[in-house]
Amino acid sequence: MAFTRREGARALLWLSPWLVGIAVFFVYPLASTVYFSFHRYDLFTLEFIGLDNWRYAFSDPRLLQSGLNTLWLVVFMVPAQVLFALGVAQLLTKIKSGSGVLRTLFYLPSLVPTVAGTVAFVYLLNPATGPVNQVLAWIGITGPDWFGSAAWAKPSLTLLALWGAGNTVMIFLAALLDVPRHLYEAAAIDGAGAWRQFRNITLPVISPVLMFSAVTGVIYAVQYFTQAMIASRVASGATDSAGSTFTPGYPDGALLTLPQHLFHTGFRDWSMGLACVYAIMLFAVSMVFTLVLLRQFNRAEATS
Amino acid sequence: MTRRRGLVWIAQHAIAIALALMFLGPVVFIVLTALMTDEQALTSRLWPDQWNWHNFAEVFARSELLTWTANTFMYASLATIFMLASSIPAAYALSRFRFRGGKAAFLVVISAMMLPPQVVAVPIYLVWARLGLTDTLWPLILPMLFGDAFSIFLLRQFLITIPRDYTDAARVDGCSDVRILFTVILPMARPAIAAVALFSFFYCWNDYYGPLLYAGVDQEGWTLSLGLATFKAFHSVQWNLTMAATLLVTAPVIVLFLFAQKVFIEGVTLTGVKG
C-alpha cells in the first residue's frame with residue numbers, strides 16, 4: 001500500500017501540467033459558461049438577467065433548425081460513412097492485385113485539408129459549370145442544385161464525407177485482416193456461405209471497432225462546423241470579415257449546425273450569455289454520446 | 001463453382017475500379033479547372049483549351065499565400081512540439097503508474113477529447129482577450145503546453161502495450177522515472193510518437209475553427225484555411241484560380257504523406273483500437 005501511495009505521488013507529479021490544463025481549459029470554462037448563461041454579456045457590460053437567455057433560446061426557431069440539422073447528420077451521415085467504409089474495407093480484403101495502390105487512393109482524400117476539400121466540392125457540384133452535373137447531363141440526368149438547394153445541401157456534404165472516409169476504411173481494414181483465418185475455414189467446412197460467414201464471424205469479431213468508430217463519428221457529427229460553414233460561405237459567395245452580415249446556414253438555414261449557431265451568436269452578434277446557453281445544450285448532447293463511449297471502453301478494458 | 005467464383009472476381013474488381021474512379025474523379029476535375037483560362041472557367045467545357053500554368057503564379061501574386069503558409073507552419077510546428085513535451089509525460093503517468101484515481105484520470109482524458117471546442121469557447125476567449133492575445137494565433141498554441149487529450153489518449157493506448165517487465169527490470173537496476181522514460185519507453189514508443197506528432201501537425205494545418213475565432217481580421221495574421229475560405233469571395237467568378245489555390249494548399253500535405261506513409265497507416269490503425 002505504501003508502495004502504491006509513492007507511485008501515486010510520482011504519477012501526480014508527471015500529470016501536473018495536464019491537471020493544470022484540465023483546470024484552466026475544462027473545469028473553469030465549464031463552470032463559467034453556466035455563470036454567463038444567466039447574464040447578458042457583450043464583452044463590455046455584464047448584467048444578471050436570470051432565465052431570460054434560456055427563455056429566449058427555447059423560442060429561437062434557428063436553435064430548433066440547427067438542432068434538427070445536427071440530428072440529420074447523426075442519423076444519416078454517420079451511418080452512411082460507417083457502412084460505406086465497411087463496404088470498401090471488405091472489398092479491399094478481397095482484391096489481391098493492385099490493392100496497395102487502391103488503399104493509397106482511398107486514403108489520400110482524407111488527407112486533403114478540410115477547407116480545400118469543401119471548396120473543391122462546392123465547385124464540382126455547382127449547378128452552372130460543375131463537372132458533376134455536366135457528366136450527369138451526358139447520360140441524360142438533370143443534376144440537382146446540390147449546395148444551392150435546401151433539400152440537397154446536406155446530402156452533398158454526405159458525399160464529401162464519403163470521399164474523405166479513408167481513415168475509417170483503414171481502421172476497418174486492419175480490423176478485418178485481424179480476424180483469425182481459421183474461423184472462416186472452419187465455417188466454410190460447415191458449409192456457411194459468404195453472407196453467413198460475414199454475419200456470424202466477421203461482424204461479431206470487429207463489432208468493438210465498428211462501435212467505437214460509430215460513436216466517435218456521432219461525436220464529430222455533433223461538433224460538425226467547418227465543412228458546413230465553408231460550403232455555405234462559398235456557395236453563397238459571402239465573406240466573413242468581422243462585422244459583415246453573413247448569415248450562416250445557406251441555403252435557407254439547411255447547413256446551420258448547432259456549433260455554428262453558437263459561434264455566430266457569441267462571436268459575431270456578441271451575445272455571449274445566449275451563446276453560453278447553446279453551449280450548455282451542446283455539452284449535454286455530446287455528453288450523452290461520450291457516456292456511451294465510456295461504457296464501451298470500460299467493457300473493452302474489462303475483457304482485455 | 002469455378003465459373004461462379006470467376007464472376008464474383010469480375011464483380012469485385014469492377015466495383016473496385018468504379019470506386020477508384022469516383023475517388024479520383026474530383027482530383028482530375030480540380031486539376032483540369034486549375035489550368036483553364038479565366039474565360040473558359042466560366043463555360044461548361046471540361047478539358048482546358050489551353051494549359052494556363054500561369055494560374056499558380058497568379059494565386060501567389062493576388063493573395064498572401066506565402067504569409068499564410070508561414071503562419072500555418074508556425075502554428076502547426078509550435079503546437080506539435082508543445083503538445084509532445086506536455087502529453088508524453090501525462091501518457092507515461094497514466095500507463096505506468098498504478099495509483100488511486102488513475103482510472104478516473106483516464107476517463108477525464110476521454111471526456112476532454114470528446115468535448116466540442118465550442119462548448120467552452122466563450123470563457124476561454126474572454127481570458128485571452130484580457131491577456132491581449134486575441135488577433136494572434138497564440139491562444140491556439142499555448143494551451144498545447146498543458147497536454148492534448150487526443151494525443152494523451154493515443155499515446156497511453158500504445159504505452160500500455162509495453163510489458164511492465166521492461167520497466168520493472170529497469171527499476172530494479174535503480175533507474176529513475178526520468179531515465180526509464182528516456183531510455184526504455186521513448187525508444188519503444190517511437191512509432192506512436194511519430195503518429196501523434198503527424199496527427200497534431202495535420203490537425204493544426206487543417207484547423208479552420210480555431211483561427212476563425214482568434215486570428216482576427218488582418219489578412220497578415222491568417223492561416224491557409226482562413227485564406228482559402230475567403231479566396232472564392234474575393235475572386236468570385238474565377239473558379240480556376242480558386243482551384244489552383246486549393247491544389248497549392250493541399251500539395252504540402254500530400255508530399256508529407258508520401259514521405260511518411262508507413263507512420264500514417266500505423267497511426268490510423270492505432271486510433272481504431274478498442275482499448
# chains A, B, ... in the order shown; residues from 1 in each chain; ligands from 1
$ select_by_dssp --residues "region 25-271 of chain A" --states "alpha helix (DSSP H)" --output "ChimeraX atom specification"
/A:28-36,52-58,61-72,78-94,99-107,114-124,131-138,153-163,166-178,181-189,194-197,203-222,226-236,258-267
$ residues_around --residues "Gln223 (chain A)" --least-positions-apart "5" --cutoff "10 Å" --atoms "only C-alpha atoms" --output "ChimeraX atom specification"
/A:70,217-218,257-260,282,286 /B:114-119
$ closest_atom_pairs --of "chain B" --to "chain A" --cutoff "6 Å" --atoms "only C-alpha atoms" --output "JSON lines"
{"residue": "B:Ser44", "atom": "CA", "partner": "A:Thr129", "partner_atom": "CA", "distance": 4.7}
{"residue": "B:Pro89", "atom": "CA", "partner": "A:Trp14", "partner_atom": "CA", "distance": 5.6}
{"residue": "B:Ala90", "atom": "CA", "partner": "A:Leu15", "partner_atom": "CA", "distance": 4.9}
{"residue": "B:Ala93", "atom": "CA", "partner": "A:Ala11", "partner_atom": "CA", "distance": 5.1}
{"residue": "B:Phe97", "atom": "CA", "partner": "A:Glu7", "partner_atom": "CA", "distance": 5.9}
{"residue": "B:Phe99", "atom": "CA", "partner": "A:Gly8", "partner_atom": "CA", "distance": 4.7}
{"residue": "B:Pro116", "atom": "CA", "partner": "A:Gln223", "partner_atom": "CA", "distance": 5.5}
{"residue": "B:Val119", "atom": "CA", "partner": "A:Ala279", "partner_atom": "CA", "distance": 4.5}
{"residue": "B:Val120", "atom": "CA", "partner": "A:Pro29", "partner_atom": "CA", "distance": 5.4}
{"residue": "B:Pro123", "atom": "CA", "partner": "A:Pro29", "partner_atom": "CA", "distance": 5.3}
{"residue": "B:Phe146", "atom": "CA", "partner": "A:Gly21", "partner_atom": "CA", "distance": 4.7}
{"residue": "B:Gly147", "atom": "CA", "partner": "A:Trp18", "partner_atom": "CA", "distance": 5.1}
{"residue": "B:Asn206", "atom": "CA", "partner": "A:Pro113", "partner_atom": "CA", "distance": 5.1}
{"residue": "B:Ser225", "atom": "CA", "partner": "A:Val115", "partner_atom": "CA", "distance": 5.9}
{"residue": "B:Thr230", "atom": "CA", "partner": "A:Thr239", "partner_atom": "CA", "distance": 5.9}
{"residue": "B:Ala233", "atom": "CA", "partner": "A:Gly237", "partner_atom": "CA", "distance": 5.2}
{"residue": "B:Thr246", "atom": "CA", "partner": "A:Ala116", "partner_atom": "CA", "distance": 5.1}
{"residue": "B:Thr250", "atom": "CA", "partner": "A:Val112", "partner_atom": "CA", "distance": 5.7}
{"residue": "B:Thr269", "atom": "CA", "partner": "A:Ile171", "partner_atom": "CA", "distance": 4.9}
{"residue": "B:Gly272", "atom": "CA", "partner": "A:Ile171", "partner_atom": "CA", "distance": 5.4}
{"residue": "B:Gly275", "atom": "CA", "partner": "A:Glu301", "partner_atom": "CA", "distance": 5.8}
$ write_last_selection --atoms "C-alpha atoms" --output "CSV table (one decimal), in the first residue's frame"
chain,number,residue,atom,x,y,z
B,44,SER,CA,-19.1,24.2,-69.2
B,89,PRO,CA,4.7,12.7,-19.5
B,90,ALA,CA,1.0,12.6,-18.9
B,93,ALA,CA,2.0,8.5,-15.9
B,97,PHE,CA,1.9,4.1,-12.5
B,99,PHE,CA,-2.5,4.8,-8.3
B,116,PRO,CA,-16.8,20.1,-28.6
B,119,VAL,CA,-18.8,24.5,-25.5
B,120,VAL,CA,-16.0,26.2,-23.6
B,123,PRO,CA,-14.9,31.9,-21.2
B,146,PHE,CA,-0.8,21.7,-20.9
B,147,GLY,CA,-1.4,18.4,-22.8
B,206,ASN,CA,-6.4,21.9,-41.3
B,225,SER,CA,-7.5,27.6,-44.0
B,230,THR,CA,-12.4,33.6,-48.3
B,233,ALA,CA,-15.4,35.5,-52.3
B,246,THR,CA,-6.9,24.6,-53.4
B,250,THR,CA,-3.2,20.5,-50.5
B,269,THR,CA,-4.9,1.8,-37.1
B,272,GLY,CA,-9.2,2.3,-34.1
B,275,GLY,CA,-8.6,-0.2,-25.5
$ closest_residue --among "A:Ser66, A:Ala165, A:Ser110, A:Asp178" --to "Ala85 (chain A)" --atoms "only C-alpha atoms"
A:Ala165
$ residues_around --residues "Leu73 (chain A)" --least-positions-apart "4" --cutoff "9 Å" --atoms "only C-alpha atoms" --output "compact mmCIF listing (two decimals) with C-alpha atoms, in the first residue's frame"
# COMPACT_ATOMS: atom_id res chain seq x y z
CA LEU A 68 -32.55 19.26 -36.39
CA ASN A 69 -29.72 19.70 -38.89
CA MET A 77 -24.31 10.94 -42.44
CA VAL A 78 -22.66 8.86 -39.72
CA LYS A 154 -26.80 18.00 -46.55
CA THR A 158 -22.52 13.48 -47.05
CA VAL A 218 -21.50 10.72 -33.82
CA ALA A 221 -21.11 14.99 -36.18
CA VAL A 222 -22.25 16.87 -33.07
CA TYR A 224 -19.67 19.49 -37.26
$ atom_distance --atom1 "CA of Glu185 (chain A)" --atom2 "CA of Arg4 (chain B)"
19.2 Å
$ atom_distance --atom1 "CA of Arg181 (chain A)" --atom2 "CA of Gln12 (chain B)"
20.3 Å
$ residues_around --residues "Leu212 (chain B)" --least-positions-apart "4" --cutoff "9 Å" --atoms "only C-alpha atoms" --output "JSON list (two decimals) with N, CA and C atoms, in the first residue's frame"
[["chain", "number", "residue", "atom", "x", "y", "z"],
["B", 207, "ASP", "N", -6.90, 23.18, -39.36],
["B", 207, "ASP", "CA", -7.81, 23.84, -38.42],
["B", 207, "ASP", "C", -8.37, 25.12, -39.03],
["B", 208, "TYR", "N", -9.67, 25.22, -39.00],
["B", 208, "TYR", "CA", -10.34, 26.42, -39.50],
["B", 208, "TYR", "C", -11.02, 27.15, -38.35],
["B", 216, "GLY", "N", -8.26, 37.07, -36.10],
["B", 216, "GLY", "CA", -8.59, 38.46, -36.35],
["B", 216, "GLY", "C", -8.87, 38.77, -37.81],
["B", 222, "TRP", "N", -3.45, 35.61, -40.93],
["B", 222, "TRP", "CA", -4.30, 34.44, -41.22],
["B", 222, "TRP", "C", -3.49, 33.18, -41.47],
["B", 225, "SER", "N", -6.11, 27.95, -44.04],
["B", 225, "SER", "CA", -7.54, 27.62, -44.03],
["B", 225, "SER", "C", -8.39, 28.88, -44.16],
["B", 226, "LEU", "N", -8.04, 29.89, -43.36],
["B", 226, "LEU", "CA", -8.82, 31.14, -43.39],
["B", 226, "LEU", "C", -8.71, 31.79, -44.75]]
$ residues_around --residues "Leu65 (chain B)" --least-positions-apart "5" --cutoff "8 Å" --atoms "only C-alpha atoms" --output "list in words"
Val59, Phe60, Leu224 and Gly227 of chain B
$ write_last_selection --atoms "N, CA and C atoms" --output "PDB file, in the first residue's frame"
ATOM      1  N   VAL B  59      -2.072  33.037 -58.275  1.00  0.00           N
ATOM      2  CA  VAL B  59      -2.568  32.874 -56.901  1.00  0.00           C
ATOM      3  C   VAL B  59      -1.599  33.527 -55.911  1.00  0.00           C
ATOM      4  N   PHE B  60      -0.296  33.299 -56.127  1.00  0.00           N
ATOM      5  CA  PHE B  60       0.691  33.910 -55.230  1.00  0.00           C
ATOM      6  C   PHE B  60       0.654  35.428 -55.345  1.00  0.00           C
ATOM      7  N   LEU B 224      -3.652  29.311 -43.728  1.00  0.00           N
ATOM      8  CA  LEU B 224      -4.087  28.870 -45.053  1.00  0.00           C
ATOM      9  C   LEU B 224      -5.584  28.581 -45.098  1.00  0.00           C
ATOM     10  N   GLY B 227      -7.496  31.841 -45.284  1.00  0.00           N
ATOM     11  CA  GLY B 227      -7.282  32.490 -46.564  1.00  0.00           C
ATOM     12  C   GLY B 227      -8.045  31.795 -47.682  1.00  0.00           C
TER      13      GLY B 227
END
$ select_by_dssp --residues "region 30-273 of chain A" --states "strand (DSSP E or B)" --output "ChimeraX atom specification"
/A:39-41,46-48
$ residues_around --residues "Asp148 (chain B)" --least-positions-apart "6" --cutoff "10 Å" --atoms "only C-alpha atoms" --output "JSON, numbers by chain"
{"A": [18, 21, 22], "B": [79, 80, 82, 83, 84, 86, 87, 88, 90, 109, 112, 113, 200]}
$ write_last_selection --atoms "C-alpha atoms" --output "mmCIF file, in the first residue's frame"
data_model
loop_
_atom_site.group_PDB
_atom_site.id
_atom_site.type_symbol
_atom_site.label_atom_id
_atom_site.label_comp_id
_atom_site.auth_asym_id
_atom_site.auth_seq_id
_atom_site.Cartn_x
_atom_site.Cartn_y
_atom_site.Cartn_z
ATOM 1 C CA TRP A 18 -2.020 18.288 -17.690
ATOM 2 C CA GLY A 21 -4.604 22.325 -18.247
ATOM 3 C CA ILE A 22 -7.777 20.466 -17.255
ATOM 4 C CA ALA B 79 1.710 23.444 -31.273
ATOM 5 C CA THR B 80 3.071 19.996 -32.123
ATOM 6 C CA PHE B 82 4.491 21.824 -27.159
ATOM 7 C CA MET B 83 1.968 19.000 -27.381
ATOM 8 C CA LEU B 84 4.702 16.339 -27.364
ATOM 9 C CA SER B 86 3.352 18.012 -22.335
ATOM 10 C CA SER B 87 1.450 14.914 -23.480
ATOM 11 C CA ILE B 88 4.203 12.300 -23.322
ATOM 12 C CA ALA B 90 0.964 12.566 -18.926
ATOM 13 C CA VAL B 109 -8.957 12.357 -20.796
ATOM 14 C CA ALA B 112 -11.967 16.189 -22.649
ATOM 15 C CA MET B 113 -11.199 14.604 -26.006
ATOM 16 C CA SER B 200 -1.252 17.065 -34.422
#
$ closest_residue --among "B:Val27, B:Val217, B:Leu159, B:Ala34" --to "Glu58 (chain B)" --atoms "only C-alpha atoms"
B:Ala34
$ decode --residues "region 155-212 of chain A" --atoms "C-alpha atoms" --output "PDB file, in the first residue's frame"
ATOM      1  CA  PRO A 155     -26.636  15.044 -48.969  1.00  0.00           C
ATOM      2  CA  SER A 156     -23.873  16.973 -50.779  1.00  0.00           C
ATOM      3  CA  LEU A 157     -21.927  17.203 -47.533  1.00  0.00           C
ATOM      4  CA  THR A 158     -22.518  13.477 -47.047  1.00  0.00           C
ATOM      5  CA  LEU A 159     -20.844  12.829 -50.425  1.00  0.00           C
ATOM      6  CA  LEU A 160     -17.914  14.890 -49.201  1.00  0.00           C
ATOM      7  CA  ALA A 161     -17.829  12.813 -46.002  1.00  0.00           C
ATOM      8  CA  LEU A 162     -17.791   9.559 -48.005  1.00  0.00           C
ATOM      9  CA  TRP A 163     -14.961  10.867 -50.171  1.00  0.00           C
ATOM     10  CA  GLY A 164     -12.978  11.583 -47.000  1.00  0.00           C
ATOM     11  CA  ALA A 165     -13.801   8.282 -45.272  1.00  0.00           C
ATOM     12  CA  GLY A 166     -10.327   6.844 -45.951  1.00  0.00           C
ATOM     13  CA  ASN A 167      -9.321   6.988 -42.307  1.00  0.00           C
ATOM     14  CA  THR A 168     -12.233   4.801 -41.283  1.00  0.00           C
ATOM     15  CA  VAL A 169     -11.578   2.461 -44.218  1.00  0.00           C
ATOM     16  CA  MET A 170      -8.014   1.885 -42.958  1.00  0.00           C
ATOM     17  CA  ILE A 171      -9.204   1.223 -39.399  1.00  0.00           C
ATOM     18  CA  PHE A 172     -11.797  -1.289 -40.604  1.00  0.00           C
ATOM     19  CA  LEU A 173      -9.326  -2.907 -42.987  1.00  0.00           C
ATOM     20  CA  ALA A 174      -6.889  -3.505 -40.126  1.00  0.00           C
ATOM     21  CA  ALA A 175      -9.703  -4.981 -38.030  1.00  0.00           C
ATOM     22  CA  LEU A 176     -10.888  -7.236 -40.874  1.00  0.00           C
ATOM     23  CA  LEU A 177      -7.365  -8.519 -41.511  1.00  0.00           C
ATOM     24  CA  ASP A 178      -7.070  -9.344 -37.798  1.00  0.00           C
ATOM     25  CA  VAL A 179      -9.981 -11.785 -37.889  1.00  0.00           C
ATOM     26  CA  PRO A 180      -8.380 -15.226 -37.460  1.00  0.00           C
ATOM     27  CA  ARG A 181      -8.328 -17.111 -40.802  1.00  0.00           C
ATOM     28  CA  HIS A 182      -9.116 -20.467 -39.223  1.00  0.00           C
ATOM     29  CA  LEU A 183     -12.569 -19.272 -38.167  1.00  0.00           C
ATOM     30  CA  TYR A 184     -13.510 -18.782 -41.825  1.00  0.00           C
ATOM     31  CA  GLU A 185     -12.014 -22.120 -42.792  1.00  0.00           C
ATOM     32  CA  ALA A 186     -13.996 -23.879 -40.093  1.00  0.00           C
ATOM     33  CA  ALA A 187     -17.191 -22.099 -41.178  1.00  0.00           C
ATOM     34  CA  ALA A 188     -16.564 -22.962 -44.824  1.00  0.00           C
ATOM     35  CA  ILE A 189     -16.227 -26.640 -43.906  1.00  0.00           C
ATOM     36  CA  ASP A 190     -19.582 -26.364 -42.120  1.00  0.00           C
ATOM     37  CA  GLY A 191     -20.976 -25.058 -45.402  1.00  0.00           C
ATOM     38  CA  ALA A 192     -21.523 -21.413 -44.427  1.00  0.00           C
ATOM     39  CA  GLY A 193     -21.760 -19.065 -47.421  1.00  0.00           C
ATOM     40  CA  ALA A 194     -20.169 -15.649 -47.769  1.00  0.00           C
ATOM     41  CA  TRP A 195     -23.051 -13.799 -46.126  1.00  0.00           C
ATOM     42  CA  ARG A 196     -23.299 -16.170 -43.174  1.00  0.00           C
ATOM     43  CA  GLN A 197     -19.536 -16.001 -42.669  1.00  0.00           C
ATOM     44  CA  PHE A 198     -19.753 -12.222 -42.614  1.00  0.00           C
ATOM     45  CA  ARG A 199     -22.763 -12.204 -40.312  1.00  0.00           C
ATOM     46  CA  ASN A 200     -21.577 -14.867 -37.841  1.00  0.00           C
ATOM     47  CA  ILE A 201     -17.815 -14.383 -37.815  1.00  0.00           C
ATOM     48  CA  THR A 202     -16.708 -11.037 -39.228  1.00  0.00           C
ATOM     49  CA  LEU A 203     -19.336  -8.840 -37.578  1.00  0.00           C
ATOM     50  CA  PRO A 204     -19.002 -10.197 -34.023  1.00  0.00           C
ATOM     51  CA  VAL A 205     -15.203 -10.038 -34.143  1.00  0.00           C
ATOM     52  CA  ILE A 206     -14.966  -6.498 -35.493  1.00  0.00           C
ATOM     53  CA  SER A 207     -18.005  -5.125 -33.658  1.00  0.00           C
ATOM     54  CA  PRO A 208     -15.965  -3.282 -30.977  1.00  0.00           C
ATOM     55  CA  VAL A 209     -14.092  -1.426 -33.708  1.00  0.00           C
ATOM     56  CA  LEU A 210     -17.343  -0.695 -35.566  1.00  0.00           C
ATOM     57  CA  MET A 211     -18.973   0.541 -32.386  1.00  0.00           C
ATOM     58  CA  PHE A 212     -16.009   2.723 -31.496  1.00  0.00           C
TER      59      PHE A 212
END
